[in-house]
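S.K.: Have a look at this one before I ask anything.
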Amino acid sequence: MPRTTQLRIYTVRDGLLDEWAAKWRELIVPLRLKFGFEIQGAWLDRERNRFIWVISYDGPEGFAERNRQYWSSPERERMNLDPDDYLVETEVREVETVI
């Protein structure tokens with residue numbers, strides 16, 4: 001399957017941007033990497049209270065299936081981290097590299 005890359009823009013609840021970023025870095029990143037995802041970067045837009053990151057996957061089962069496996073994994077469940085506790089809005093866009 002070809003590489004799929006997503007730009008993810010999360011609007012975070014007031015006052016929780018730094019806490020979300022820390023939990024994302026400590027909990028989500030290691031498990032995403034374990035599942036074979038690549039993370040190209042992450043940024044904070046403090047003015048708009050947004051967390052922005054880029055994730056990709058190019059394994060044999062495709063992004064959607066691997067993402068489903070990630071979310072249904074016992075490791076993800078043990079994380080005890082519900083994005084709805086932090087995120088007001090989630091925007092996901094599939095993007096393509098041009099350079």
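Letters A, B, ... mark the chains of the structure tokens in the order given; residue numbers begin at 1 per chain; ligand numbers begin at 1, in order shown.
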Taking the DSSP assignment computed from this structure's backbone, write out as a PDB file with N, CA, C and O atoms, in the first residue's frame all residues of chain A that belong to helix (DSSP H, G or I).
M.R.:
```pdb
ATOM      1  N   LEU A  17      -3.725  22.800  26.922  1.00  0.00           N
ATOM      2  CA  LEU A  17      -2.831  22.593  25.784  1.00  0.00           C
ATOM      3  C   LEU A  17      -1.507  21.941  26.201  1.00  0.00           C
ATOM      4  O   LEU A  17      -1.084  20.951  25.599  1.00  0.00           O
ATOM      5  N   ASP A  18      -0.877  22.457  27.223  1.00  0.00           N
ATOM      6  CA  ASP A  18       0.404  21.884  27.645  1.00  0.00           C
ATOM      7  C   ASP A  18       0.238  20.483  28.225  1.00  0.00           C
ATOM      8  O   ASP A  18       1.063  19.601  27.982  1.00  0.00           O
ATOM      9  N   GLU A  19      -0.838  20.273  28.969  1.00  0.00           N
ATOM     10  CA  GLU A  19      -1.092  18.937  29.524  1.00  0.00           C
ATOM     11  C   GLU A  19      -1.340  17.929  28.399  1.00  0.00           C
ATOM     12  O   GLU A  19      -0.826  16.814  28.430  1.00  0.00           O
ATOM     13  N   TRP A  20      -2.132  18.329  27.394  1.00  0.00           N
ATOM     14  CA  TRP A  20      -2.379  17.443  26.253  1.00  0.00           C
ATOM     15  C   TRP A  20      -1.070  17.117  25.535  1.00  0.00           C
ATOM     16  O   TRP A  20      -0.791  15.968  25.224  1.00  0.00           O
ATOM     17  N   ALA A  21      -0.250  18.137  25.274  1.00  0.00           N
ATOM     18  CA  ALA A  21       1.009  17.923  24.561  1.00  0.00           C
ATOM     19  C   ALA A  21       1.911  16.962  25.329  1.00  0.00           C
ATOM     20  O   ALA A  21       2.553  16.091  24.733  1.00  0.00           O
ATOM     21  N   ALA A  22       1.950  17.094  26.646  1.00  0.00           N
ATOM     22  CA  ALA A  22       2.789  16.206  27.458  1.00  0.00           C
ATOM     23  C   ALA A  22       2.271  14.773  27.405  1.00  0.00           C
ATOM     24  O   ALA A  22       3.052  13.828  27.234  1.00  0.00           O
ATOM     25  N   LYS A  23       0.976  14.585  27.532  1.00  0.00           N
ATOM     26  CA  LYS A  23       0.402  13.227  27.477  1.00  0.00           C
ATOM     27  C   LYS A  23       0.585  12.628  26.088  1.00  0.00           C
ATOM     28  O   LYS A  23       0.879  11.446  25.956  1.00  0.00           O
ATOM     29  N   TRP A  24       0.421  13.435  25.051  1.00  0.00           N
ATOM     30  CA  TRP A  24       0.622  12.963  23.679  1.00  0.00           C
ATOM     31  C   TRP A  24       2.059  12.468  23.515  1.00  0.00           C
ATOM     32  O   TRP A  24       2.294  11.383  23.014  1.00  0.00           O
ATOM     33  N   ARG A  25       2.997  13.269  23.974  1.00  0.00           N
ATOM     34  CA  ARG A  25       4.420  12.933  23.837  1.00  0.00           C
ATOM     35  C   ARG A  25       4.780  11.685  24.648  1.00  0.00           C
ATOM     36  O   ARG A  25       5.495  10.808  24.172  1.00  0.00           O
ATOM     37  N   GLU A  26       4.281  11.596  25.876  1.00  0.00           N
ATOM     38  CA  GLU A  26       4.652  10.506  26.781  1.00  0.00           C
ATOM     39  C   GLU A  26       3.921   9.192  26.503  1.00  0.00           C
ATOM     40  O   GLU A  26       4.494   8.112  26.688  1.00  0.00           O
ATOM     41  N   LEU A  27       2.662   9.275  26.087  1.00  0.00           N
ATOM     42  CA  LEU A  27       1.841   8.079  25.946  1.00  0.00           C
ATOM     43  C   LEU A  27       1.559   7.695  24.490  1.00  0.00           C
ATOM     44  O   LEU A  27       1.731   6.545  24.097  1.00  0.00           O
ATOM     45  N   ILE A  28       1.122   8.655  23.714  1.00  0.00           N
ATOM     46  CA  ILE A  28       0.667   8.355  22.353  1.00  0.00           C
ATOM     47  C   ILE A  28       1.833   8.091  21.413  1.00  0.00           C
ATOM     48  O   ILE A  28       1.819   7.115  20.659  1.00  0.00           O
ATOM     49  N   VAL A  29       2.834   8.953  21.448  1.00  0.00           N
ATOM     50  CA  VAL A  29       3.954   8.808  20.505  1.00  0.00           C
ATOM     51  C   VAL A  29       4.614   7.431  20.592  1.00  0.00           C
ATOM     52  O   VAL A  29       4.766   6.760  19.567  1.00  0.00           O
ATOM     53  N   PRO A  30       5.005   6.958  21.773  1.00  0.00           N
ATOM     54  CA  PRO A  30       5.669   5.652  21.821  1.00  0.00           C
ATOM     55  C   PRO A  30       4.808   4.507  21.262  1.00  0.00           C
ATOM     56  O   PRO A  30       5.330   3.634  20.561  1.00  0.00           O
ATOM     57  N   LEU A  31       3.520   4.538  21.537  1.00  0.00           N
ATOM     58  CA  LEU A  31       2.660   3.463  21.032  1.00  0.00           C
ATOM     59  C   LEU A  31       2.451   3.588  19.530  1.00  0.00           C
ATOM     60  O   LEU A  31       2.450   2.589  18.809  1.00  0.00           O
ATOM     61  N   ARG A  32       2.291   4.795  19.030  1.00  0.00           N
ATOM     62  CA  ARG A  32       2.171   4.985  17.568  1.00  0.00           C
ATOM     63  C   ARG A  32       3.425   4.441  16.873  1.00  0.00           C
ATOM     64  O   ARG A  32       3.326   3.752  15.858  1.00  0.00           O
ATOM     65  N   LEU A  33       4.583   4.759  17.419  1.00  0.00           N
ATOM     66  CA  LEU A  33       5.827   4.269  16.814  1.00  0.00           C
ATOM     67  C   LEU A  33       5.896   2.751  16.878  1.00  0.00           C
ATOM     68  O   LEU A  33       6.319   2.107  15.914  1.00  0.00           O
ATOM     69  N   LYS A  34       5.475   2.170  17.978  1.00  0.00           N
ATOM     70  CA  LYS A  34       5.460   0.708  18.113  1.00  0.00           C
ATOM     71  C   LYS A  34       4.582   0.071  17.041  1.00  0.00           C
ATOM     72  O   LYS A  34       4.892  -1.011  16.535  1.00  0.00           O
ATOM     73  N   ARG A  46      -0.473  28.373  20.150  1.00  0.00           N
ATOM     74  CA  ARG A  46      -1.029  28.867  21.420  1.00  0.00           C
ATOM     75  C   ARG A  46      -2.119  29.911  21.201  1.00  0.00           C
ATOM     76  O   ARG A  46      -3.092  29.972  21.947  1.00  0.00           O
ATOM     77  N   GLU A  47      -1.957  30.716  20.170  1.00  0.00           N
ATOM     78  CA  GLU A  47      -2.931  31.780  19.906  1.00  0.00           C
ATOM     79  C   GLU A  47      -4.329  31.208  19.655  1.00  0.00           C
ATOM     80  O   GLU A  47      -5.331  31.785  20.065  1.00  0.00           O
ATOM     81  N   ARG A  48      -4.388  30.064  18.986  1.00  0.00           N
ATOM     82  CA  ARG A  48      -5.683  29.448  18.653  1.00  0.00           C
ATOM     83  C   ARG A  48      -5.985  28.218  19.512  1.00  0.00           C
ATOM     84  O   ARG A  48      -6.950  27.522  19.269  1.00  0.00           O
ATOM     85  N   GLY A  62      -2.261  -0.891   5.314  1.00  0.00           N
ATOM     86  CA  GLY A  62      -2.814   0.435   5.067  1.00  0.00           C
ATOM     87  C   GLY A  62      -3.066   1.200   6.353  1.00  0.00           C
ATOM     88  O   GLY A  62      -3.158   0.637   7.445  1.00  0.00           O
ATOM     89  N   PHE A  63      -3.169   2.503   6.208  1.00  0.00           N
ATOM     90  CA  PHE A  63      -3.305   3.400   7.349  1.00  0.00           C
ATOM     91  C   PHE A  63      -4.562   3.109   8.153  1.00  0.00           C
ATOM     92  O   PHE A  63      -4.516   2.989   9.380  1.00  0.00           O
ATOM     93  N   ALA A  64      -5.706   3.021   7.490  1.00  0.00           N
ATOM     94  CA  ALA A  64      -6.979   2.852   8.199  1.00  0.00           C
ATOM     95  C   ALA A  64      -6.987   1.587   9.052  1.00  0.00           C
ATOM     96  O   ALA A  64      -7.406   1.609  10.216  1.00  0.00           O
ATOM     97  N   GLU A  65      -6.526   0.483   8.495  1.00  0.00           N
ATOM     98  CA  GLU A  65      -6.518  -0.775   9.243  1.00  0.00           C
ATOM     99  C   GLU A  65      -5.528  -0.719  10.392  1.00  0.00           C
ATOM    100  O   GLU A  65      -5.820  -1.168  11.513  1.00  0.00           O
ATOM    101  N   ARG A  66      -4.359  -0.159  10.158  1.00  0.00           N
ATOM    102  CA  ARG A  66      -3.361  -0.084  11.226  1.00  0.00           C
ATOM    103  C   ARG A  66      -3.843   0.863  12.325  1.00  0.00           C
ATOM    104  O   ARG A  66      -3.614   0.620  13.511  1.00  0.00           O
ATOM    105  N   ASN A  67      -4.522   1.922  11.941  1.00  0.00           N
ATOM    106  CA  ASN A  67      -5.088   2.844  12.909  1.00  0.00           C
ATOM    107  C   ASN A  67      -6.157   2.149  13.757  1.00  0.00           C
ATOM    108  O   ASN A  67      -6.225   2.341  14.971  1.00  0.00           O
ATOM    109  N   ARG A  68      -6.973   1.329  13.127  1.00  0.00           N
ATOM    110  CA  ARG A  68      -7.978   0.561  13.855  1.00  0.00           C
ATOM    111  C   ARG A  68      -7.302  -0.377  14.859  1.00  0.00           C
ATOM    112  O   ARG A  68      -7.732  -0.493  16.006  1.00  0.00           O
ATOM    113  N   GLN A  69      -6.229  -1.035  14.433  1.00  0.00           N
ATOM    114  CA  GLN A  69      -5.486  -1.932  15.320  1.00  0.00           C
ATOM    115  C   GLN A  69      -4.899  -1.163  16.509  1.00  0.00           C
ATOM    116  O   GLN A  69      -4.911  -1.665  17.642  1.00  0.00           O
ATOM    117  N   TYR A  70      -4.383   0.015  16.242  1.00  0.00           N
ATOM    118  CA  TYR A  70      -3.838   0.863  17.312  1.00  0.00           C
ATOM    119  C   TYR A  70      -4.925   1.169  18.341  1.00  0.00           C
ATOM    120  O   TYR A  70      -4.732   0.981  19.539  1.00  0.00           O
ATOM    121  N   TRP A  71      -6.076   1.649  17.868  1.00  0.00           N
ATOM    122  CA  TRP A  71      -7.143   2.050  18.782  1.00  0.00           C
ATOM    123  C   TRP A  71      -7.734   0.874  19.556  1.00  0.00           C
ATOM    124  O   TRP A  71      -8.190   1.047  20.689  1.00  0.00           O
ATOM    125  N   SER A  72      -7.731  -0.310  18.974  1.00  0.00           N
ATOM    126  CA  SER A  72      -8.323  -1.474  19.650  1.00  0.00           C
ATOM    127  C   SER A  72      -7.306  -2.263  20.467  1.00  0.00           C
ATOM    128  O   SER A  72      -7.656  -3.269  21.083  1.00  0.00           O
ATOM    129  N   PRO A  74      -4.791  -3.482  23.457  1.00  0.00           N
ATOM    130  CA  PRO A  74      -4.819  -3.416  24.923  1.00  0.00           C
ATOM    131  C   PRO A  74      -3.932  -2.295  25.469  1.00  0.00           C
ATOM    132  O   PRO A  74      -4.271  -1.664  26.471  1.00  0.00           O
ATOM    133  N   GLU A  75      -2.823  -2.017  24.772  1.00  0.00           N
ATOM    134  CA  GLU A  75      -1.929  -0.947  25.220  1.00  0.00           C
ATOM    135  C   GLU A  75      -2.629   0.411  25.171  1.00  0.00           C
ATOM    136  O   GLU A  75      -2.474   1.223  26.072  1.00  0.00           O
ATOM    137  N   ARG A  76      -3.407   0.632  24.107  1.00  0.00           N
ATOM    138  CA  ARG A  76      -4.132   1.910  23.988  1.00  0.00           C
ATOM    139  C   ARG A  76      -5.210   1.997  25.057  1.00  0.00           C
ATOM    140  O   ARG A  76      -5.425   3.044  25.659  1.00  0.00           O
ATOM    141  N   GLU A  77      -5.876   0.901  25.314  1.00  0.00           N
ATOM    142  CA  GLU A  77      -6.908   0.894  26.342  1.00  0.00           C
ATOM    143  C   GLU A  77      -6.315   1.167  27.726  1.00  0.00           C
ATOM    144  O   GLU A  77      -6.877   1.943  28.506  1.00  0.00           O
ATOM    145  N   ARG A  78      -5.164   0.573  28.025  1.00  0.00           N
ATOM    146  CA  ARG A  78      -4.505   0.772  29.319  1.00  0.00           C
ATOM    147  C   ARG A  78      -4.015   2.204  29.511  1.00  0.00           C
ATOM    148  O   ARG A  78      -3.784   2.644  30.638  1.00  0.00           O
ATOM    149  N   PRO A  83      -9.335  11.218  24.386  1.00  0.00           N
ATOM    150  CA  PRO A  83      -9.120  12.504  23.720  1.00  0.00           C
ATOM    151  C   PRO A  83     -10.258  13.498  23.951  1.00  0.00           C
ATOM    152  O   PRO A  83     -10.020  14.707  23.987  1.00  0.00           O
ATOM    153  N   ASP A  84     -11.479  13.009  24.142  1.00  0.00           N
ATOM    154  CA  ASP A  84     -12.605  13.917  24.359  1.00  0.00           C
ATOM    155  C   ASP A  84     -12.467  14.732  25.641  1.00  0.00           C
ATOM    156  O   ASP A  84     -13.102  15.780  25.780  1.00  0.00           O
ATOM    157  N   ASP A  85     -11.651  14.271  26.578  1.00  0.00           N
ATOM    158  CA  ASP A  85     -11.409  15.041  27.795  1.00  0.00           C
ATOM    159  C   ASP A  85     -10.568  16.287  27.510  1.00  0.00           C
ATOM    160  O   ASP A  85     -10.566  17.222  28.307  1.00  0.00           O
TER     161      ASP A  85
END
```
S.K.: Please identify all polymer residues within 10 Å of A:Arg50, counting only C-alpha atoms, omitting same-chain residues fewer than 5 positions from it, and present them as a list in words.
M.R.: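 Contacts, in chain order: Ile9, Tyr10, Thr11, Val12, Arg13, Asp14, Leu17, Trp43, Leu44, Asp45, Leu87, Val88, Glu89 and Thr90 of chain A.
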S.K.: Taking N, CA, C and O atoms for each residue, export the selection above as a PDB file, in the first residue's frame.
M.R.:
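Saved the output as selection03.pdb:
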```pdb
ATOM      1  N   ILE A   9      -5.183  18.487  13.111  1.00  0.00           N
ATOM      2  CA  ILE A   9      -5.282  19.761  13.818  1.00  0.00           C
ATOM      3  C   ILE A   9      -6.339  19.591  14.907  1.00  0.00           C
ATOM      4  O   ILE A   9      -7.505  19.328  14.616  1.00  0.00           O
ATOM      5  N   TYR A  10      -5.899  19.705  16.144  1.00  0.00           N
ATOM      6  CA  TYR A  10      -6.795  19.544  17.281  1.00  0.00           C
ATOM      7  C   TYR A  10      -6.972  20.886  17.979  1.00  0.00           C
ATOM      8  O   TYR A  10      -5.984  21.549  18.305  1.00  0.00           O
ATOM      9  N   THR A  11      -8.207  21.266  18.222  1.00  0.00           N
ATOM     10  CA  THR A  11      -8.488  22.405  19.075  1.00  0.00           C
ATOM     11  C   THR A  11      -8.653  21.858  20.485  1.00  0.00           C
ATOM     12  O   THR A  11      -9.474  20.976  20.729  1.00  0.00           O
ATOM     13  N   VAL A  12      -7.831  22.358  21.397  1.00  0.00           N
ATOM     14  CA  VAL A  12      -7.749  21.821  22.757  1.00  0.00           C
ATOM     15  C   VAL A  12      -8.547  22.705  23.711  1.00  0.00           C
ATOM     16  O   VAL A  12      -8.599  23.931  23.546  1.00  0.00           O
ATOM     17  N   ARG A  13      -9.149  22.082  24.695  1.00  0.00           N
ATOM     18  CA  ARG A  13      -9.910  22.820  25.709  1.00  0.00           C
ATOM     19  C   ARG A  13      -9.007  23.854  26.389  1.00  0.00           C
ATOM     20  O   ARG A  13      -7.816  23.609  26.604  1.00  0.00           O
ATOM     21  N   ASP A  14      -9.607  24.986  26.734  1.00  0.00           N
ATOM     22  CA  ASP A  14      -8.862  26.068  27.383  1.00  0.00           C
ATOM     23  C   ASP A  14      -8.111  25.552  28.605  1.00  0.00           C
ATOM     24  O   ASP A  14      -8.670  24.815  29.424  1.00  0.00           O
ATOM     25  N   LEU A  17      -3.725  22.800  26.922  1.00  0.00           N
ATOM     26  CA  LEU A  17      -2.831  22.593  25.784  1.00  0.00           C
ATOM     27  C   LEU A  17      -1.507  21.941  26.201  1.00  0.00           C
ATOM     28  O   LEU A  17      -1.084  20.951  25.599  1.00  0.00           O
ATOM     29  N   TRP A  43       3.345  20.625  16.615  1.00  0.00           N
ATOM     30  CA  TRP A  43       3.474  22.043  16.909  1.00  0.00           C
ATOM     31  C   TRP A  43       2.316  22.508  17.772  1.00  0.00           C
ATOM     32  O   TRP A  43       1.214  21.973  17.691  1.00  0.00           O
ATOM     33  N   LEU A  44       2.574  23.532  18.576  1.00  0.00           N
ATOM     34  CA  LEU A  44       1.537  24.184  19.357  1.00  0.00           C
ATOM     35  C   LEU A  44       1.241  25.544  18.729  1.00  0.00           C
ATOM     36  O   LEU A  44       2.159  26.315  18.454  1.00  0.00           O
ATOM     37  N   ASP A  45      -0.025  25.813  18.524  1.00  0.00           N
ATOM     38  CA  ASP A  45      -0.496  27.125  18.091  1.00  0.00           C
ATOM     39  C   ASP A  45      -1.228  27.707  19.295  1.00  0.00           C
ATOM     40  O   ASP A  45      -2.426  27.513  19.463  1.00  0.00           O
ATOM     41  N   LEU A  87      -9.937  17.451  23.829  1.00  0.00           N
ATOM     42  CA  LEU A  87     -10.118  18.040  22.507  1.00  0.00           C
ATOM     43  C   LEU A  87     -11.546  18.494  22.268  1.00  0.00           C
ATOM     44  O   LEU A  87     -12.499  17.751  22.497  1.00  0.00           O
ATOM     45  N   VAL A  88     -11.669  19.713  21.765  1.00  0.00           N
ATOM     46  CA  VAL A  88     -12.957  20.286  21.421  1.00  0.00           C
ATOM     47  C   VAL A  88     -13.310  19.940  19.986  1.00  0.00           C
ATOM     48  O   VAL A  88     -14.461  19.660  19.666  1.00  0.00           O
ATOM     49  N   GLU A  89     -12.302  19.948  19.121  1.00  0.00           N
ATOM     50  CA  GLU A  89     -12.514  19.711  17.689  1.00  0.00           C
ATOM     51  C   GLU A  89     -11.290  19.006  17.124  1.00  0.00           C
ATOM     52  O   GLU A  89     -10.159  19.288  17.525  1.00  0.00           O
ATOM     53  N   THR A  90     -11.533  18.098  16.190  1.00  0.00           N
ATOM     54  CA  THR A  90     -10.459  17.375  15.521  1.00  0.00           C
ATOM     55  C   THR A  90     -10.653  17.496  14.016  1.00  0.00           C
ATOM     56  O   THR A  90     -11.727  17.197  13.505  1.00  0.00           O
TER      57      THR A  90
END
```
S.K.: DSSP on the backbone, strand (DSSP E or B) only: what residues of chain A does that give? Format it as a PyMOL selection string.
M.R.: chain A and resi 4-12+38-45+50-57+87-95
S.K.: Contacts of A:Glu38 at 7 Å or less, counting only C-alpha atoms, minus same-chain residues fewer than 2 places along, as an MDAnalysis selection string?
M.R.: chainID A and resid 33 36 40 55:57
S.K.: Mind giving me the straight-line distance from atom CA of A:Thr97 to atom CA of A:Thr4 in Å, one decimal?
M.R.: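 Separation between atom CA of A:Thr97 and atom CA of A:Thr4: 10.0 Å.
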S.K.: At what distance in Å, to one decimal, does atom CA of A:Phe37 lie from atom CA of A:Asn49?
M.R.: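 One can read the atom CA of A:Asn49 to atom CA of A:Phe37 distance as 25.2 Å.
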S.K.: Quick one: of A:Arg8, A:Ile99, A:Met79, A:Val92, who's nearest to A:Trp53, counting only C-alpha atoms?
M.R.: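 Smallest distance to A:Trp53 is found for A:Arg8.
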S.K.: Here is a test: counting only C-alpha atoms, which residue of A:Val98, A:Arg93, A:Phe35, A:Leu16 is nearest to A:Asp58?
M.R.: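 Using only C-alpha atoms, the shortest distance to A:Asp58 belongs to A:Phe35.
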